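Scroll down for the structure; my scribbles are underneath it.
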Amino acid sequence: MLLSFRAANHRSLRDEQQLNLAWAFKADRPEGVDWPAVPVAAIFGANASGKSNLIDALRYMRTMALRSDLETEPGFGVERSPFVLDPAMAGEDSWFIVDADIGGVRFTYGFALNDSGVTEEWLYRYPSKKRQIVFERKDGEYHFGTTVQNELHRIAEITPESVLFITSAARYAQEDVLPVYGWLRDMEVSTSSQQPSSNPVRTASWLYREDNRKKALKLLKFADVGIRDVIVRELDDGASADPRAGYRIFRETKTVDGRRRSARIQVELLFEMSGDKGNAHLSLEQQSAGTRTFLAMLPGVLGCLETGSVMVIDELESNLHPNLAQHLVSLFQSPESNPRAAQLVFTTHNTSLLGSNFEILKRDQIWFVEKGEQDGATVLFPLSDFKPRNKENTERRYLGGGYGAVPFIDDQLVIAALQHETDSNPDEAGADGE
C-alpha cells in the first residue's frame with residue numbers, strides 16, 4: 001500500500017507537499033483488517049489549484065523509475081517541469097519520494113534530479129522496523145548496504161548520469177530492487193490528458209476473457225445503462241467485422257511444452273441493448289461517453305482489486321454519474337470487495353462524495369489543494385487538520401468555504417466585465433444610445 005508520496009519543484013508544487021495516507025482516526029478503520037494505510041484518498045480543490053499537478057508528479061516519478069533509460073538520452077540531460085513562477089527554482093532540484101508497504105515490508109524510495117541528470121537516489125527497506133540501506137547515490141557516488149547483492153556494484157558502473165539506478169538494476173532482475181519496481185509497475189495512473197476511455201483496444205482485450213466479461217456484465221447491470229449482454233466474438237481469418245466494433249488484440253496461449261505465446265487475433269465487440277421493439281447490438285463507439293468511461297475503467301479497477309495495487313485517477317467524475325463514482329469508491333472501501341488492500345487515489349469536484357455523515361469518504365480520506373494568491377504555489381492539506389466531528393456535514397462546510405480550496409467568484413467583477421464588453425461594442429449597444 002502507498003503510505004505517503006512527497007514531491008517538490010514540479011509544476012505548481014514549489015515547496016515539498018506530502019500526501020500522507022496513514023490513518024488519522026482509529027474509529028474510521030474497517031473492522032477485521034490491519035491495513036497500514038487508508039484504501040481511498042480523494043483530493044478536492046478549485047480549478048487550476050494544482051490537483052492534476054500532484055497526480056502528474058506521481059505519474060512522472062513512476063515513469064522515470066520504470067523507463068528512465070528510454071525517457072532520457074545520455075549527454076542530453078533530463079526533461080522535467082520545475083516551478084516556473086519563480087525563476088530561481090529552475091536551478092533547484094526536483095524531488096520525488098514514496099513510502100510503501102509491500103508484502104508487509106516498508107520501503108522508502110526517492111530521487112532528486114535537475115536538468116543535467118540524477119543528483120540523488122536512494123532505496124531503504126525496513127524488514128524488522130529497522131532501516132536497511134539497499135543503495136544510496138549522490139553526485140555520482142554510490143553506497144550499498146551490507147545485505148545486498150554484489151551485482152549492484154557492477155550495475156552502478158554502467159548507469160548513466162541521466163538514468164535512475166532502480167531502472168538499470170531492474171533490467172538485470174536484481175531482487176533487491178524488484179519489490180519497489182514491481183509495485184510501481186503495477187500502479188495504474190490515469191491523468192486528465194490520458195483518460196482510459198482513449199484506449200478501446202485495452203477494453204476489448206480485457207473483455208475477451210470470459211471471467212472478465214461476466215464481471216463487467218454484472219457491474220453494467222448495476223449501473224443501469226441498458227446493456228443486457230456483452231458479446232466478444234473471435235473472427236476467423238479473412239472475416240470482416242463491423243468497422244466500429246472490430247479490434248485487433250493479443251491472445252495468450254500455451255504451447256504443448258507449457259510455454260506461453262501471444263498471437264494477434266481479430267475480435268468483434270458488441271453490446272446487446274433492450275428496447276420496446278426488441279434488442280439491438282451496438283458497438284463501443286455507439287455507447288454514451290459515460291458508459292465508455294465506465295467500461296474503460298473496469299480493467300484497471302478490477303485488476304487493482306485482484307492484485308492489491310494502487311489506482312490513481314485524475315478527475316474521477318469525468319463523464320461518470322455521481323452514483324457510479326460512488327460505487328467505484330465503495331469497491332475499495334469494503335474488505336469484502338477489496339480483500340488484498342488495493343488503493344484508490346483520485347482528484348474530483350464531486351462534492352456529493354463528501355456527504356454529511358462520511359458514508360462514502362472517511363475523515364482521513366479527504367484532502368484539499370489550493371494555490372497561493374501571491375506566489376501561485378500549490379499547497380496540499382488534509383481535512384483532519386480541521387479536526388472534524390464524526391457527524392459533521394463536510395459537503396456543506398466545504399462549499400461554504402470552511403476548509404478553503406474553493407474558487408472565489410466576485411459577481412460584481414463579472415458584471416463589470418460584461419458591461420464593459422457591451423459598452424465597447426457600439427453595434428450591439430446601439431450607436432444612437434437607444
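Here, A, B, ... name the chains of the C-alpha cells in the order displayed, residue numbers run from 1 inside each chain, and ligands are numbered from 1 in the same displayed order.
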Task: DSSP helix (DSSP H, G or I) selection over region 103-319 of chain A, as a ChimeraX atom specification - done: /A:151-157,165-171,178-186,196-198,200-208,210-223,289-307
Open item on the list: Using only C-alpha atoms, which protein or nucleic acid residues come within 8 Å of region 106-109 of chain A? Drop anything in the same chain fewer than 3 positions from it, and give the result as an NGL selection string.
Closed with: :A and (97-102 or 121-127 or 129 or 180)
Let me see the file: selected residues, N, CA, C and O atoms, as an mmCIF file, in the first residue's frame.
```
data_model
loop_
_atom_site.group_PDB
_atom_site.id
_atom_site.type_symbol
_atom_site.label_atom_id
_atom_site.label_comp_id
_atom_site.auth_asym_id
_atom_site.auth_seq_id
_atom_site.Cartn_x
_atom_site.Cartn_y
_atom_site.Cartn_z
ATOM 1 N N ILE A 97 9.406 11.242 -3.716
ATOM 2 C CA ILE A 97 9.645 10.220 -2.691
ATOM 3 C C ILE A 97 8.352 9.458 -2.425
ATOM 4 O O ILE A 97 7.291 10.067 -2.258
ATOM 5 N N VAL A 98 8.440 8.120 -2.374
ATOM 6 C CA VAL A 98 7.298 7.296 -1.981
ATOM 7 C C VAL A 98 7.689 6.418 -0.800
ATOM 8 O O VAL A 98 8.820 5.928 -0.712
ATOM 9 N N ASP A 99 6.735 6.243 0.107
ATOM 10 C CA ASP A 99 6.820 5.241 1.167
ATOM 11 C C ASP A 99 5.716 4.235 0.892
ATOM 12 O O ASP A 99 4.560 4.629 0.669
ATOM 13 N N ALA A 100 6.066 2.955 0.916
ATOM 14 C CA ALA A 100 5.083 1.926 0.580
ATOM 15 C C ALA A 100 5.261 0.707 1.460
ATOM 16 O O ALA A 100 6.384 0.372 1.883
ATOM 17 N N ASP A 101 4.151 0.059 1.739
ATOM 18 C CA ASP A 101 4.161 -1.240 2.406
ATOM 19 C C ASP A 101 3.951 -2.286 1.318
ATOM 20 O O ASP A 101 2.896 -2.345 0.693
ATOM 21 N N ILE A 102 4.976 -3.111 1.092
ATOM 22 C CA ILE A 102 4.941 -4.109 0.025
ATOM 23 C C ILE A 102 5.171 -5.478 0.644
ATOM 24 O O ILE A 102 6.265 -5.762 1.146
ATOM 25 N N GLU A 121 19.601 9.599 -5.234
ATOM 26 C CA GLU A 121 18.648 8.499 -5.350
ATOM 27 C C GLU A 121 18.921 7.538 -4.199
ATOM 28 O O GLU A 121 20.082 7.328 -3.824
ATOM 29 N N TRP A 122 17.856 6.980 -3.662
ATOM 30 C CA TRP A 122 18.055 6.084 -2.528
ATOM 31 C C TRP A 122 16.900 5.088 -2.422
ATOM 32 O O TRP A 122 15.788 5.348 -2.890
ATOM 33 N N LEU A 123 17.195 3.948 -1.829
ATOM 34 C CA LEU A 123 16.190 2.927 -1.549
ATOM 35 C C LEU A 123 16.498 2.309 -0.198
ATOM 36 O O LEU A 123 17.595 1.783 0.018
ATOM 37 N N TYR A 124 15.522 2.386 0.721
ATOM 38 C CA TYR A 124 15.645 1.787 2.044
ATOM 39 C C TYR A 124 14.515 0.784 2.239
ATOM 40 O O TYR A 124 13.425 0.930 1.686
ATOM 41 N N ARG A 125 14.781 -0.222 3.059
ATOM 42 C CA ARG A 125 13.731 -1.165 3.441
ATOM 43 C C ARG A 125 13.793 -1.377 4.947
ATOM 44 O O ARG A 125 14.833 -1.184 5.580
ATOM 45 N N TYR A 126 12.655 -1.790 5.504
ATOM 46 C CA TYR A 126 12.528 -1.930 6.949
ATOM 47 C C TYR A 126 11.935 -3.305 7.274
ATOM 48 O O TYR A 126 10.791 -3.406 7.708
ATOM 49 N N PRO A 127 12.707 -4.396 7.072
ATOM 50 C CA PRO A 127 12.147 -5.728 7.285
ATOM 51 C C PRO A 127 11.799 -6.025 8.742
ATOM 52 O O PRO A 127 10.926 -6.836 9.023
ATOM 53 N N LYS A 129 11.486 -3.285 11.075
ATOM 54 C CA LYS A 129 11.286 -1.927 11.568
ATOM 55 C C LYS A 129 12.592 -1.159 11.768
ATOM 56 O O LYS A 129 12.578 -0.037 12.274
ATOM 57 N N VAL A 180 10.028 -2.882 -5.165
ATOM 58 C CA VAL A 180 9.577 -1.500 -5.403
ATOM 59 C C VAL A 180 9.301 -1.282 -6.883
ATOM 60 O O VAL A 180 8.293 -0.662 -7.257
#
```
Open item on the list: Quick one: residues within 9 Å of Val312 (chain A), only C-alpha atoms, excluding same-chain residues fewer than 6 positions away - as a ChimeraX atom specification?
Closed with: /A:55,58-59,187-191,343-347
Task: Shell around Ser168 (chain A) at 10 Å using only C-alpha atoms, local window under 5 positions removed, as number ranges by chain - done: A: 65-69, 152, 155-156, 158-160, 163, 173-174, 177
Could those residues be written to a file, using C-alpha atoms, as a compact mmCIF listing (two decimals), in the first residue's frame?
```
# COMPACT_ATOMS: atom_id res chain seq x y z
CA ALA A 65 11.58 4.76 -12.30
CA LEU A 66 10.28 2.31 -14.90
CA ARG A 67 11.65 3.87 -18.11
CA SER A 68 14.36 6.42 -17.38
CA ASP A 69 16.72 4.57 -19.73
CA LEU A 152 24.56 -3.98 -7.85
CA ILE A 155 25.49 -2.15 -12.50
CA ALA A 156 26.28 1.21 -10.89
CA ILE A 158 27.39 1.36 -16.26
CA THR A 159 24.42 3.52 -15.19
CA PRO A 160 24.49 6.93 -16.97
CA VAL A 163 19.26 7.19 -15.76
CA ALA A 173 16.45 -8.56 -12.49
CA GLN A 174 18.14 -7.60 -9.23
CA VAL A 177 15.03 -3.51 -6.21
```
Open item on the list: List the spatial neighbours of Pro299 (chain A) as a VMD selection string - criterion: any atom at most 7 Å away, only C-alpha atoms, same-chain residues fewer than 4 positions off excluded.
Closed with: chain A and resid 203 206 303
Open item on the list: Excluding Val78 (chain A) and its own-chain neighbours fewer than 3 positions away, which residues fall within 7 Å of it when counting only C-alpha atoms? Please give them as a VMD selection string.
Closed with: chain A and resid 72 115 to 117 162
Any chance you can output those residues with C-alpha atoms as a PDB file, in the first residue's frame?
```pdb
ATOM      1  CA  THR A  72      16.433  10.105 -21.486  1.00  0.00           C
ATOM      2  CA  ASP A 115      18.261  19.448 -15.943  1.00  0.00           C
ATOM      3  CA  SER A 116      21.617  17.673 -16.192  1.00  0.00           C
ATOM      4  CA  GLY A 117      20.662  14.390 -14.570  1.00  0.00           C
ATOM      5  CA  SER A 162      20.605  10.664 -16.654  1.00  0.00           C
TER       6      SER A 162
END
```
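Of the listed residues A:Phe386, A:Phe332, A:Phe25, A:Tyr181, the one whose atoms come nearest to Pro39 (chain A) is A:Phe332, with distances taken using only C-alpha atoms.
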- [ ] Within 10 Å of region 314-326 of chain A, counting only C-alpha atoms, which residues show up once you throw out same-chain ones fewer than 5 positions away? Write them as a PyMOL selection string, please.
- [x] chain A and resi 42-44+51-56+189-195+219+222-224+288-294+297+331+345-353+359-361
Write the residues of the selection above to a file with C-alpha atoms, as a PDB file, in the first residue's frame.
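Dumped to out_22.pdb:
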```
ATOM      1  CA  ALA A  42      -9.869  11.959  -2.510  1.00  0.00           C
ATOM      2  CA  ILE A  43      -8.368  15.337  -3.421  1.00  0.00           C
ATOM      3  CA  PHE A  44     -10.637  18.378  -3.790  1.00  0.00           C
ATOM      4  CA  LYS A  51      -4.776  18.767  -8.223  1.00  0.00           C
ATOM      5  CA  SER A  52      -3.705  17.459 -11.613  1.00  0.00           C
ATOM      6  CA  ASN A  53      -0.126  18.530 -10.980  1.00  0.00           C
ATOM      7  CA  LEU A  54       0.008  16.362  -7.871  1.00  0.00           C
ATOM      8  CA  ILE A  55      -1.188  13.377  -9.905  1.00  0.00           C
ATOM      9  CA  ASP A  56       1.267  14.256 -12.642  1.00  0.00           C
ATOM     10  CA  VAL A 189      -2.145   6.137 -13.229  1.00  0.00           C
ATOM     11  CA  SER A 190      -4.679   7.972 -15.373  1.00  0.00           C
ATOM     12  CA  THR A 191      -4.061  11.688 -15.882  1.00  0.00           C
ATOM     13  CA  SER A 192      -6.617  14.163 -17.221  1.00  0.00           C
ATOM     14  CA  SER A 193      -4.792  14.200 -20.565  1.00  0.00           C
ATOM     15  CA  GLN A 194      -4.622  10.395 -20.745  1.00  0.00           C
ATOM     16  CA  GLN A 195      -8.103   9.184 -19.893  1.00  0.00           C
ATOM     17  CA  LEU A 219     -21.412  -4.158 -12.937  1.00  0.00           C
ATOM     18  CA  PHE A 222     -25.865  -2.464 -11.618  1.00  0.00           C
ATOM     19  CA  ALA A 223     -25.037   0.759 -13.458  1.00  0.00           C
ATOM     20  CA  ASP A 224     -28.396   0.537 -15.242  1.00  0.00           C
ATOM     21  CA  SER A 288     -22.539   7.078 -24.324  1.00  0.00           C
ATOM     22  CA  ALA A 289     -19.377   8.790 -23.120  1.00  0.00           C
ATOM     23  CA  GLY A 290     -20.224   7.781 -19.539  1.00  0.00           C
ATOM     24  CA  THR A 291     -20.643   4.114 -20.450  1.00  0.00           C
ATOM     25  CA  ARG A 292     -17.379   4.096 -22.410  1.00  0.00           C
ATOM     26  CA  THR A 293     -15.551   5.684 -19.497  1.00  0.00           C
ATOM     27  CA  PHE A 294     -17.059   3.203 -17.034  1.00  0.00           C
ATOM     28  CA  MET A 297     -12.057   1.965 -16.022  1.00  0.00           C
ATOM     29  CA  LEU A 331     -15.439  -1.158  -4.068  1.00  0.00           C
ATOM     30  CA  VAL A 345      -6.308   7.905  -5.106  1.00  0.00           C
ATOM     31  CA  PHE A 346      -8.240  10.430  -7.161  1.00  0.00           C
ATOM     32  CA  THR A 347      -8.999  14.090  -7.753  1.00  0.00           C
ATOM     33  CA  THR A 348     -12.573  15.248  -8.071  1.00  0.00           C
ATOM     34  CA  HIS A 349     -15.071  18.109  -7.986  1.00  0.00           C
ATOM     35  CA  ASN A 350     -17.881  15.744  -6.971  1.00  0.00           C
ATOM     36  CA  THR A 351     -18.808  17.086  -3.543  1.00  0.00           C
ATOM     37  CA  SER A 352     -21.584  14.503  -3.146  1.00  0.00           C
ATOM     38  CA  LEU A 353     -18.787  12.098  -2.188  1.00  0.00           C
ATOM     39  CA  GLU A 359     -20.994   7.473   4.184  1.00  0.00           C
ATOM     40  CA  ILE A 360     -18.645   7.415   1.189  1.00  0.00           C
ATOM     41  CA  LEU A 361     -15.386   9.037   2.329  1.00  0.00           C
TER      42      LEU A 361
END
```
- [ ] Report as a ChimeraX atom specification: the residues of region 41-93 of chain A with a DSSP assignment of strand (DSSP E), based on the backbone of this structure.
- [x] /A:41-45
- [ ] Could you jot down the CA of Leu19 (chain A) to CA of Leu302 (chain A) separation for me, Å, one decimal place?
- [x]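 Separation between CA of Leu19 (chain A) and CA of Leu302 (chain A): 24.0 Å.
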Task: Residue nearest Phe165 (chain A) - candidates A:Asp211, A:Val105, A:Pro30, A:Met64, atoms counted: only C-alpha atoms - done: A:Met64
Task: Residue nearest Leu21 (chain A) - candidates A:Asp364, A:Glu136, A:Glu161, A:Glu370, atoms counted: only C-alpha atoms - done: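 Nearest to Leu21 (chain A): A:Asp364.
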